[in-house]
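Student: Handing you a structure now.
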Amino acid sequence: MSRIHITTTVNGETAEFLTEPRETLLDVLRNQLGLTGSKEGCGTGDCGACSVLLDGVLVSSCLVLGVEAQGKTVETIEGMATDGALHPLQRQFIEHAALQCGFCTPGILVAAKALLAQNDNPTETEIRYWLAGNLCRCTGYDKIVRAVQDAAAEMRGAA
Amino acid sequence: MPKDELKAGFRLVGTRPNRPDGLDKVTGRARYGADIVAANMLHAAVVRSPYAHARIKSIDASRALALEGVKAVITRADFPTGLTGEDWNLQENTIAGDTALYDGHAVVAVAATSALVAQDAARLIEVEYEVLPHVTDVDAAMAPGAPVIRAGNADHSVPEGMHPNVVRYIDFGHGDLEAGFAAADLIREGTYKTEATHQGYIEPHACLGQLGADGRGEMWVCTQGHWYIRRMCAAVLGIEAANLRVTPSEIGGGFGGKTTIFMEPLALALSRKAGGRPVKLVMSRAEVLRATGPTASASMDVKIGMKKDGTITAGQVNFRMQGGAFFGMSPIAEALPCAFACYDIPNLMHEGYEVLANRPKAAAYRAPGSPMAAFAVESLLDEMCRELSLDPLQVRLKNAAKEGTKSSYGPTYNRIGLVETLEATIAHPNLSAPLGPNQGRGVAAGFWFNHGGETSVSLQIGEDGTVGVSVGTPDIGGSRASIALMVAETLGIEYEAVRVNVVETGSLGVNEPTHGSRATFASGKAAVEAAESAIKQMCARAAAEWGIDPEAVEWADGAARPAGENAGKFPPLTIGEIGAKMGGTGGPISGHHESVPGGVGASFGVHVVDVEVDPETGKSTVLRYLVVQDAGRAIHPAYVEGQYQGGAAQGIGWALNEEYIYGADGRLQNPMFLDYRIPVASDLPMIDTVIVEVPNPGHPYGVRGVGETGIAPPLAAVANAVAAASGARLRTLPLSPPKVLAAIKAGQ
């Protein structure tokens with residue numbers, strides 16, 4: 001099957017790859033670009049473990065084709081810490097013990113970052129509904145919600 | 001041993017430091033099962049039976065083999081014959097022989113140069129089936145006339161005249177049941193059913209396997225126990241265990257479902273057939289739901305006798321469980337002893353049947369068997385408390401098992417903490433939270449044995465006094481942190497100076513998986529023993545340097561110190577100083593410990609849930625949730641709370657949403673997360689926790705194990721709350737809105 005040349009921007013850097021039209025963005029990120037932080041938990045857009053930002057919009061990268069990344073910007077978990085410093089969400093997740101197995105964590109962090117970008121002071125209910133597309137089987141979500149709340153407070157304080 | 005004789009006054013145990021693997025896991029660096037590649041790697045795909053029960057008449061892979069990039073196709077013919085018992089079970093489940101036994105049963109596997117080509121090839125493989133009659137319900141499977149799944153599987157325990165699908169019978173009890181019921185003021189009985197649920201770990205099974213023609217191989221795999229993977233793969237493939245080196249990846253959840261093999265031998269067999277090229281095999285979610293995990297479905301009769309004051313005089317259960325089409329997979333032998341384990345009841349009888357059905361081979365799921373048993377017993381107790389106008393927590397307290405109680409399953413309890421757990425529950429503010437219309441409160445208790453298991457740990461003193469600990473129990477929820485805390489506490493050094501590594505099968509003696517709530521108990525206990533062993537050696541090195549008797553040296557605050565009449569004669573030698581010189585003082589210093597640790601301490605939990613039931617839709621909303629559980633000792637309280645909350649969330653899902661739905665054709669109708677709906681963030685409230693600490697005298701820091709118990713009470717607690725809120729008493733899970741609505745309407 002012929003493959004298509006795609007040029008895109010991933011975590012601030014130009015990235016090129018050849019992809020079959022049927023290949024998902026998730027598979028391209030993981031298998032071609034070596035960015036295995038985004039996970040496949042379902043492949044059907046139900047679990048959110050593959051969450052990335054595509055031109056700033058939160059998407060399930062398992063439901064996006066690799067070819068759709070042409071000319072766009074992609075942000076993954078690997079780009080979340082900047083200049084060696086963890087994002088407040090990342091730090092709060094560690095401090096709150098908001099992860100157990102950690103498999104859903106990258107997707108939840110990316111999704112939470114997208115939430116805080118548009119709502120710097122979400123209520124508990126807003127956090128729970130925003131993250132309803134990110135399944136976690138270990139934690140019961142309690143510590144995740146608290147970590148997002150505290151990261152939001154920290155970021156408001158820093159702003 | 002009384003509580004105050006255990007170690008107390010800790011420097012580190014009971015604190016909440018950041019977990020050592022936290023940074024890797026928030027940055028995407030942590031490597032899980034599917035995150036690894038190897039040079040010259042192939043990708044595999046599996047052809048699975050679309051039928052619940054079908055004879056495999058022929059397999060034609062010629063079109064697949066003609067596809068560019070396809071390197072190997074395997075069927076059962078590529079595996080050795082003559083296996084028996086559990087080894088045969090494992091092989092038969094890995095790849096079907098003459099007959100596919102459930103929807104999703106693997107039939108053929110293919111390896112190709114890319115995952116997409118492998119999937120294309122799988123679609124080109126033609127399998128001709130002869131569809132056979134099937135049965136998926138446990139009661140239907142043991143009824144006269146049910147299709148026989150495999151004759152001759154029943155063991156000697158099964159009473160004569162039962163259907164051949166009934167393969168195991170267990171009974172035990174004590175006291176005089178008839179007299180017990182005669183002494184009761186109220187006798188009630190009920191039949192309860194739970195559907196199969198899946199562990200629901202978010203990480204699908206994944207492995208990378210390599211096996212050469214010389215029978216030597218390697219595997220990278222997400223698993224709770226890599227020695228189990230080694231032993232099982234070796235048996236299924238007919239190779240020698242020591243020739244297969246298994247390295248565990250980080251694990252994206254297991255809950256019991258990753259304590260066994262499902263597809264790992266396929267990767268190795270494909271590799272062997274493809275000239276030893278490494279083969280990566282990653283399951284899809286649908287494959288995970290159709291062909292791995294689930295727990296048993298259960299049908300359960302319970303009968304309880306109670307006096308007017310709440311004293312339980314007698315209890316009787318008769319449980320039927322199916323664990324798929326394979327002998328020994330249902331948790332019937334665990335469910336029965338869990339049924340009345342919380343209580344001191346003089347007259348008890350337990351009977352249980354294991355039944356084969358055309359369903360996937362069940363795996364352990366968090367406290368296997370206990371949630372079903374608790375659903376049945378704790379629901380009926382709740383009904384009886386209401387009928388007698390008794391407080392359900394006071395009734396549980398009145399009958400609670402305690403130290404010295406002969407347990408329902410035989411042994412006499414050592415120090416246990418159910419009474420303290422109930423007292424802490426009764427004192428909690430959630431019990432006095434006001435309830436509005438259509439709201440109700442439910443309580444239930446639960447139990448798990450906890451577990452020791454084969455354990456081997458090694459500990460190395462570094463040249464700078466830092467310490468490496470090699471353990472064989474994969475870290476699923478913070479066990480690296482809890483083991484590092486205990487080792488640092490024992491050695492008198494900083495938490496950050498200890499690195500706990502989960503190592504591969506070539507590095508330690510055999511370890512059982514991280515299961516049964518054993519990692520912090522067993523690997524922790526062994527790590528403390530290994531640290532004590534290293535301390536002895538370090539004291540001996542100091543004694544030699546000082547020219548005094550080793551017995552005259554004591555260890556405190558990370559240093560050897562002269563003791564007794566030598567006290568103060570020499571300055572302390574720190575672990576760093578001893579480590580720096582060890583090359584010249586006798587060589588490397590390491591501690592080892594191998595055992596099947598005794599001293600396992602059972603744990604009990606009590607849950608309280610407030611639910612609102614919408615009378616128009618039957619939908620239940622969890623308003624408030626409380627978990628109170630005896631941890632023995634919480635080494636890292638944040639991860640103990642996490643286990644309590646996670647267990648509760650899984651139990652809430654089992655109670656309200658989750659079920660395996662089979663069609664009349666025997667096919668699983670909901671093999672995706674959209675339809676197999678586990679709780680999402682907006683389904684749940686904050687989950688309040690109380691950690692009760694009644695230290696286990698069998699562990700140096702009092703640990704009992706905390707993972708399992710938390711899933712036992714929620715099924716009944718939620719059902720009891722729904723009954724209180726709506727008047728609808730449902731005895732079949734899940735409590736889905738249509739079912740609750742129908743029950744409300746039937747009761748009006």
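Residue numbering restarts at 1 for every chain of the structure tokens, chains are lettered A, B, ... in their displayed order, and ligands are numbered from 1 as they appear.
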For chain B against chain A, which residues fall within 8 Å using only C-alpha atoms, given as a ChimeraX atom specification?
Tutor: /B:17-19,22-23,25-32,35,200-204,250-253,284-286,475-478,638-639,642-643,645-650,672-674,678-682,684-687
Student: Please produce a file of the residues just selected, as a compact mmCIF listing (two decimals), in the first residue's frame, where the atoms kept are N, CA and C atoms.
Tutor:
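Done, and the output landed in out.txt:
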```
# COMPACT_ATOMS: atom_id res chain seq x y z
N PRO B 17 6.01 9.86 51.21
CA PRO B 17 6.95 10.43 50.23
C PRO B 17 6.49 10.16 48.80
N ASN B 18 7.05 10.90 47.85
CA ASN B 18 6.77 10.65 46.43
C ASN B 18 7.27 9.27 46.05
N ARG B 19 6.50 8.59 45.22
CA ARG B 19 6.92 7.25 44.82
C ARG B 19 8.11 7.36 43.86
N GLY B 22 7.35 7.69 40.18
CA GLY B 22 6.37 8.72 39.85
C GLY B 22 6.78 9.55 38.65
N LEU B 23 8.04 9.99 38.63
CA LEU B 23 8.49 10.86 37.54
C LEU B 23 8.34 10.17 36.18
N LYS B 25 6.28 7.99 35.38
CA LYS B 25 4.88 7.73 35.03
C LYS B 25 4.10 9.00 34.73
N VAL B 26 4.58 10.16 35.13
CA VAL B 26 3.88 11.39 34.72
C VAL B 26 4.50 12.03 33.48
N THR B 27 5.60 11.49 33.02
CA THR B 27 6.24 12.06 31.84
C THR B 27 6.10 11.18 30.60
N GLY B 28 5.50 10.01 30.75
CA GLY B 28 5.34 9.12 29.61
C GLY B 28 6.56 8.23 29.37
N ARG B 29 7.54 8.32 30.26
CA ARG B 29 8.77 7.53 30.05
C ARG B 29 8.63 6.08 30.47
N ALA B 30 7.75 5.82 31.43
CA ALA B 30 7.62 4.45 31.96
C ALA B 30 7.27 3.50 30.82
N ARG B 31 7.91 2.36 30.79
CA ARG B 31 7.73 1.44 29.66
C ARG B 31 6.80 0.29 30.04
N TYR B 32 5.67 0.26 29.40
CA TYR B 32 4.65 -0.78 29.63
C TYR B 32 4.82 -1.88 28.59
N ASP B 35 5.33 -0.97 24.90
CA ASP B 35 6.19 0.20 24.65
C ASP B 35 7.61 -0.15 24.22
N GLY B 200 -10.77 -5.21 34.02
CA GLY B 200 -10.88 -3.89 33.39
C GLY B 200 -9.63 -3.03 33.46
N TYR B 201 -8.47 -3.65 33.66
CA TYR B 201 -7.22 -2.89 33.58
C TYR B 201 -7.19 -2.16 32.26
N ILE B 202 -6.64 -0.94 32.27
CA ILE B 202 -6.68 -0.12 31.05
C ILE B 202 -5.62 -0.60 30.04
N GLU B 203 -4.56 -1.22 30.53
CA GLU B 203 -3.53 -1.71 29.61
C GLU B 203 -3.89 -3.10 29.09
N PRO B 204 -4.12 -3.23 27.77
CA PRO B 204 -4.35 -4.57 27.21
C PRO B 204 -3.09 -5.43 27.37
N GLU B 250 6.60 -2.32 33.12
CA GLU B 250 5.63 -1.68 34.02
C GLU B 250 4.28 -2.27 33.67
N ILE B 251 3.39 -2.31 34.65
CA ILE B 251 2.11 -2.98 34.41
C ILE B 251 0.97 -2.00 34.56
N GLY B 252 0.14 -1.94 33.52
CA GLY B 252 -0.98 -1.01 33.51
C GLY B 252 -2.24 -1.61 34.11
N GLY B 253 -2.11 -2.04 35.35
CA GLY B 253 -3.25 -2.62 36.06
C GLY B 253 -3.32 -4.12 35.84
N SER B 284 -6.15 -6.30 21.40
CA SER B 284 -7.11 -5.19 21.32
C SER B 284 -8.01 -5.27 22.56
N ARG B 285 -8.75 -4.21 22.80
CA ARG B 285 -9.68 -4.24 23.95
C ARG B 285 -10.71 -5.34 23.78
N ALA B 286 -11.20 -5.52 22.55
CA ALA B 286 -12.20 -6.57 22.34
C ALA B 286 -11.61 -7.94 22.67
N ASP B 475 5.37 -3.80 40.59
CA ASP B 475 4.79 -2.68 41.34
C ASP B 475 3.55 -2.18 40.61
N ILE B 476 2.39 -2.49 41.16
CA ILE B 476 1.15 -2.07 40.49
C ILE B 476 0.60 -0.79 41.10
N GLY B 477 0.84 -0.61 42.38
CA GLY B 477 0.19 0.55 43.00
C GLY B 477 1.02 1.19 44.09
N GLY B 478 2.36 1.18 43.94
CA GLY B 478 3.19 1.89 44.91
C GLY B 478 4.03 1.00 45.81
N ALA B 638 -0.98 7.04 51.67
CA ALA B 638 -1.65 7.53 50.46
C ALA B 638 -1.96 6.38 49.50
N TYR B 639 -1.05 5.40 49.41
CA TYR B 639 -1.31 4.28 48.51
C TYR B 639 -2.24 3.24 49.15
N GLY B 642 -5.48 4.73 48.33
CA GLY B 642 -5.71 4.47 46.91
C GLY B 642 -6.27 3.08 46.67
N GLN B 643 -5.75 2.09 47.40
CA GLN B 643 -6.28 0.73 47.26
C GLN B 643 -7.73 0.68 47.74
N GLN B 645 -9.92 3.12 47.80
CA GLN B 645 -10.78 3.85 46.86
C GLN B 645 -10.96 3.07 45.56
N GLY B 646 -9.87 2.47 45.10
CA GLY B 646 -9.95 1.72 43.84
C GLY B 646 -10.82 0.48 43.98
N GLY B 647 -10.70 -0.20 45.10
CA GLY B 647 -11.54 -1.38 45.33
C GLY B 647 -13.01 -1.00 45.39
N ALA B 648 -13.29 0.10 46.06
CA ALA B 648 -14.67 0.57 46.16
C ALA B 648 -15.22 0.91 44.78
N ALA B 649 -14.41 1.60 43.97
CA ALA B 649 -14.88 2.01 42.64
C ALA B 649 -15.17 0.78 41.77
N GLN B 650 -14.31 -0.22 41.84
CA GLN B 650 -14.57 -1.43 41.06
C GLN B 650 -15.84 -2.13 41.54
N MET B 672 -16.47 -3.91 24.39
CA MET B 672 -15.74 -2.64 24.29
C MET B 672 -16.13 -1.77 25.48
N PHE B 673 -15.27 -0.80 25.81
CA PHE B 673 -15.51 0.01 27.00
C PHE B 673 -16.77 0.87 26.87
N LEU B 674 -17.24 1.12 25.66
CA LEU B 674 -18.47 1.90 25.52
C LEU B 674 -19.64 1.14 26.13
N ILE B 678 -17.24 0.70 32.72
CA ILE B 678 -16.65 0.82 34.05
C ILE B 678 -16.91 2.24 34.56
N PRO B 679 -16.88 2.46 35.87
CA PRO B 679 -17.18 3.81 36.37
C PRO B 679 -16.22 4.86 35.81
N VAL B 680 -16.79 5.99 35.42
CA VAL B 680 -16.00 7.13 34.98
C VAL B 680 -16.05 8.18 36.09
N ALA B 681 -15.23 9.21 35.94
CA ALA B 681 -15.06 10.19 37.02
C ALA B 681 -16.40 10.80 37.44
N SER B 682 -17.28 11.04 36.47
CA SER B 682 -18.54 11.71 36.80
C SER B 682 -19.57 10.76 37.41
N LEU B 684 -18.85 8.99 40.12
CA LEU B 684 -18.46 8.74 41.50
C LEU B 684 -18.31 10.02 42.30
N PRO B 685 -18.54 9.93 43.60
CA PRO B 685 -18.19 11.05 44.48
C PRO B 685 -16.76 10.85 45.00
N MET B 686 -16.28 11.77 45.82
CA MET B 686 -15.06 11.49 46.57
C MET B 686 -15.31 10.23 47.41
N ILE B 687 -14.29 9.44 47.61
CA ILE B 687 -14.45 8.20 48.38
C ILE B 687 -13.67 8.36 49.68
```
Student: Can you list, as a VMD selection string, all residues belonging to segment 586-641 of chain B that DSSP tags as helix (DSSP H, G or I)?
Tutor: chain B and resid 637 to 641
Student: Return as a ChimeraX atom specification the full set of residues in segment 189-246 of chain B whose backbone-based DSSP assignment is strand (DSSP E or B).
Tutor: /B:189-194,206-211,217-221,244-246
Student: Could those selected residues go to a file with all heavy atoms, as a short mmCIF file (atom, residue, chain, number, x, y, z; two decimals), in the first residue's frame?
Tutor:
```cif
data_model
loop_
_atom_site.label_atom_id
_atom_site.label_comp_id
_atom_site.auth_asym_id
_atom_site.auth_seq_id
_atom_site.Cartn_x
_atom_site.Cartn_y
_atom_site.Cartn_z
N GLU B 189 -34.28 -16.87 53.78
CA GLU B 189 -33.38 -17.37 52.75
C GLU B 189 -33.62 -16.62 51.45
O GLU B 189 -34.69 -16.02 51.25
CB GLU B 189 -33.50 -18.87 52.55
CG GLU B 189 -34.89 -19.40 52.35
CD GLU B 189 -34.93 -20.93 52.51
OE1 GLU B 189 -34.08 -21.60 51.90
OE2 GLU B 189 -35.80 -21.43 53.24
N GLY B 190 -32.62 -16.63 50.59
CA GLY B 190 -32.76 -15.94 49.31
C GLY B 190 -31.77 -16.49 48.31
O GLY B 190 -30.80 -17.16 48.67
N THR B 191 -32.07 -16.24 47.03
CA THR B 191 -31.16 -16.64 45.95
C THR B 191 -30.63 -15.38 45.29
O THR B 191 -31.39 -14.47 44.96
CB THR B 191 -31.91 -17.52 44.93
OG1 THR B 191 -32.33 -18.71 45.58
CG2 THR B 191 -31.01 -17.88 43.75
N TYR B 192 -29.34 -15.34 45.12
CA TYR B 192 -28.65 -14.15 44.61
C TYR B 192 -27.80 -14.54 43.40
O TYR B 192 -27.22 -15.62 43.36
CB TYR B 192 -27.74 -13.56 45.70
CG TYR B 192 -28.54 -13.15 46.92
CD1 TYR B 192 -28.91 -14.08 47.88
CD2 TYR B 192 -28.96 -11.83 47.09
CE1 TYR B 192 -29.67 -13.72 48.98
CE2 TYR B 192 -29.71 -11.46 48.19
CZ TYR B 192 -30.08 -12.41 49.14
OH TYR B 192 -30.83 -12.04 50.21
N LYS B 193 -27.74 -13.63 42.43
CA LYS B 193 -26.93 -13.92 41.24
C LYS B 193 -26.04 -12.72 40.90
O LYS B 193 -26.49 -11.57 40.97
CB LYS B 193 -27.83 -14.23 40.03
CG LYS B 193 -28.61 -15.54 40.18
CD LYS B 193 -29.28 -15.97 38.87
CE LYS B 193 -28.32 -16.69 37.96
NZ LYS B 193 -28.99 -17.46 36.88
N THR B 194 -24.81 -13.02 40.55
CA THR B 194 -23.92 -11.97 40.03
C THR B 194 -23.42 -12.40 38.66
O THR B 194 -23.16 -13.57 38.41
CB THR B 194 -22.70 -11.75 40.94
OG1 THR B 194 -21.96 -12.96 41.06
CG2 THR B 194 -23.12 -11.28 42.33
N ALA B 206 0.10 -7.38 26.57
CA ALA B 206 1.10 -7.13 25.53
C ALA B 206 2.39 -7.83 25.90
O ALA B 206 2.74 -7.90 27.09
CB ALA B 206 1.34 -5.63 25.39
N CYS B 207 3.05 -8.36 24.89
CA CYS B 207 4.34 -8.99 25.15
C CYS B 207 5.22 -8.94 23.91
O CYS B 207 4.74 -8.71 22.79
CB CYS B 207 4.17 -10.44 25.61
SG CYS B 207 3.56 -11.55 24.32
N LEU B 208 6.50 -9.13 24.13
CA LEU B 208 7.48 -9.27 23.06
C LEU B 208 8.27 -10.53 23.38
O LEU B 208 8.94 -10.58 24.41
CB LEU B 208 8.39 -8.04 23.03
CG LEU B 208 9.57 -8.08 22.04
CD1 LEU B 208 9.07 -8.15 20.60
CD2 LEU B 208 10.44 -6.84 22.21
N GLY B 209 8.13 -11.52 22.52
CA GLY B 209 8.76 -12.80 22.82
C GLY B 209 9.74 -13.22 21.74
O GLY B 209 9.55 -12.90 20.55
N GLN B 210 10.77 -13.92 22.15
CA GLN B 210 11.77 -14.41 21.20
C GLN B 210 12.17 -15.81 21.64
O GLN B 210 12.44 -16.04 22.82
CB GLN B 210 12.97 -13.46 21.18
CG GLN B 210 14.02 -13.79 20.14
CD GLN B 210 15.04 -14.78 20.65
OE1 GLN B 210 15.42 -14.74 21.82
NE2 GLN B 210 15.46 -15.69 19.80
N LEU B 211 12.15 -16.73 20.69
CA LEU B 211 12.50 -18.12 21.01
C LEU B 211 13.25 -18.72 19.83
O LEU B 211 12.77 -18.68 18.70
CB LEU B 211 11.23 -18.92 21.32
CG LEU B 211 11.43 -20.38 21.73
CD1 LEU B 211 12.21 -20.49 23.03
CD2 LEU B 211 10.07 -21.08 21.88
N GLY B 217 15.01 -18.59 25.05
CA GLY B 217 14.23 -17.44 24.65
C GLY B 217 14.15 -16.37 25.72
O GLY B 217 14.66 -16.53 26.84
N GLU B 218 13.52 -15.27 25.32
CA GLU B 218 13.33 -14.16 26.23
C GLU B 218 11.92 -13.62 26.03
O GLU B 218 11.35 -13.73 24.96
CB GLU B 218 14.32 -13.03 25.93
CG GLU B 218 15.76 -13.45 26.10
CD GLU B 218 16.67 -12.28 26.39
OE1 GLU B 218 16.16 -11.23 26.85
OE2 GLU B 218 17.87 -12.41 26.17
N MET B 219 11.41 -13.02 27.09
CA MET B 219 10.11 -12.38 26.95
C MET B 219 10.05 -11.12 27.79
O MET B 219 10.52 -11.09 28.92
CB MET B 219 8.99 -13.35 27.37
CG MET B 219 7.63 -12.65 27.42
SD MET B 219 6.24 -13.77 27.30
CE MET B 219 6.17 -14.01 25.54
N TRP B 220 9.45 -10.09 27.20
CA TRP B 220 9.12 -8.85 27.88
C TRP B 220 7.60 -8.84 27.93
O TRP B 220 6.94 -9.04 26.89
CB TRP B 220 9.65 -7.67 27.07
CG TRP B 220 9.06 -6.33 27.37
CD1 TRP B 220 7.96 -5.78 26.82
CD2 TRP B 220 9.58 -5.35 28.28
NE1 TRP B 220 7.75 -4.53 27.33
CE2 TRP B 220 8.73 -4.24 28.22
CE3 TRP B 220 10.69 -5.31 29.14
CZ2 TRP B 220 8.93 -3.10 29.00
CZ3 TRP B 220 10.89 -4.17 29.90
CH2 TRP B 220 10.03 -3.07 29.83
N VAL B 221 7.02 -8.64 29.10
CA VAL B 221 5.57 -8.84 29.18
C VAL B 221 4.99 -8.04 30.35
O VAL B 221 5.64 -7.88 31.40
CB VAL B 221 5.25 -10.34 29.34
CG1 VAL B 221 5.93 -10.94 30.56
CG2 VAL B 221 3.76 -10.61 29.38
N LEU B 244 14.04 -19.75 29.56
CA LEU B 244 13.19 -18.62 29.19
C LEU B 244 13.38 -17.52 30.24
O LEU B 244 13.06 -17.70 31.41
CB LEU B 244 11.71 -19.04 29.13
CG LEU B 244 10.74 -17.95 28.69
CD1 LEU B 244 11.03 -17.49 27.26
CD2 LEU B 244 9.29 -18.45 28.79
N ARG B 245 13.93 -16.41 29.78
CA ARG B 245 14.20 -15.30 30.70
C ARG B 245 13.06 -14.29 30.52
O ARG B 245 12.86 -13.80 29.40
CB ARG B 245 15.54 -14.67 30.34
CG ARG B 245 15.99 -13.53 31.18
CD ARG B 245 17.45 -13.23 30.82
NE ARG B 245 17.94 -12.04 31.47
CZ ARG B 245 18.01 -10.84 30.87
NH1 ARG B 245 17.64 -10.70 29.62
NH2 ARG B 245 18.48 -9.81 31.54
N VAL B 246 12.33 -14.03 31.58
CA VAL B 246 11.15 -13.17 31.47
C VAL B 246 11.37 -11.88 32.27
O VAL B 246 11.69 -11.92 33.46
CB VAL B 246 9.88 -13.88 31.98
CG1 VAL B 246 8.66 -12.99 31.79
CG2 VAL B 246 9.69 -15.20 31.24
#
```
Student: Can you work out which one of B:Asn450, B:Asn696, B:Thr585, B:Ser517 has the shortest atom-to-atom distance to Glu545 of chain B, counting only C-alpha atoms?
Tutor: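 Among the listed residues, the smallest separation from Glu545 of chain B belongs to B:Thr585.
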Student: Report as a PDB file with C-alpha atoms, in the first residue's frame all protein, DNA and RNA residues lying within 7 Å of Asp120 of chain A, evaluated on only C-alpha atoms, omitting residues in the same chain fewer than 3 positions from it.
Tutor:
```
ATOM      1  CA  LEU A 116      -7.200  24.240  32.779  1.00  0.00           C
ATOM      2  CA  ALA A 117      -6.353  26.073  29.557  1.00  0.00           C
ATOM      3  CA  ALA A 152      -5.383  24.708  39.181  1.00  0.00           C
ATOM      4  CA  ARG A 156      -3.885  30.612  39.455  1.00  0.00           C
TER       5      ARG A 156
END
```
Student: As a PyMOL selection string, please: the residues near Pro21 of chain A (cut-off 10 Å, only C-alpha atoms, same-chain neighbours under 4 positions excluded).
Tutor: chain A and resi 1-4+65-68
Student: Would you kindly return, as a count of residues only, each protein, DNA or RNA residue with an atom no farther than 9 Å from any atom of segment 156-169 of chain B, considering only C-alpha atoms and excluding same-chain residues fewer than 4 positions away?
Tutor: 23
Student: For atom CA of Gly436 of chain B and atom CA of Thr689 of chain B, determine how far apart the two atoms are, in Å to one decimal place.
Tutor: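 Rounded to one decimal, the two atoms are 23.1 Å apart.
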Student: Residues near Glu423 of chain B, anyone? I mean within 12 Å using only C-alpha atoms, not counting same-chain ones fewer than 6 positions away, as a list in words.
Tutor: Leu393, Gln394, Arg396, Leu397, Lys398, Ala400, Gly417, Leu431, Gly605, Val606, Val628, Gln629, Asp630, Val690 and Val692 of chain B
Student: Could you jot down the atom CA of Leu336 of chain B to atom CA of Ala373 of chain B separation for me, Å, one decimal place?
Tutor: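 These atoms are spaced 7.0 Å apart.
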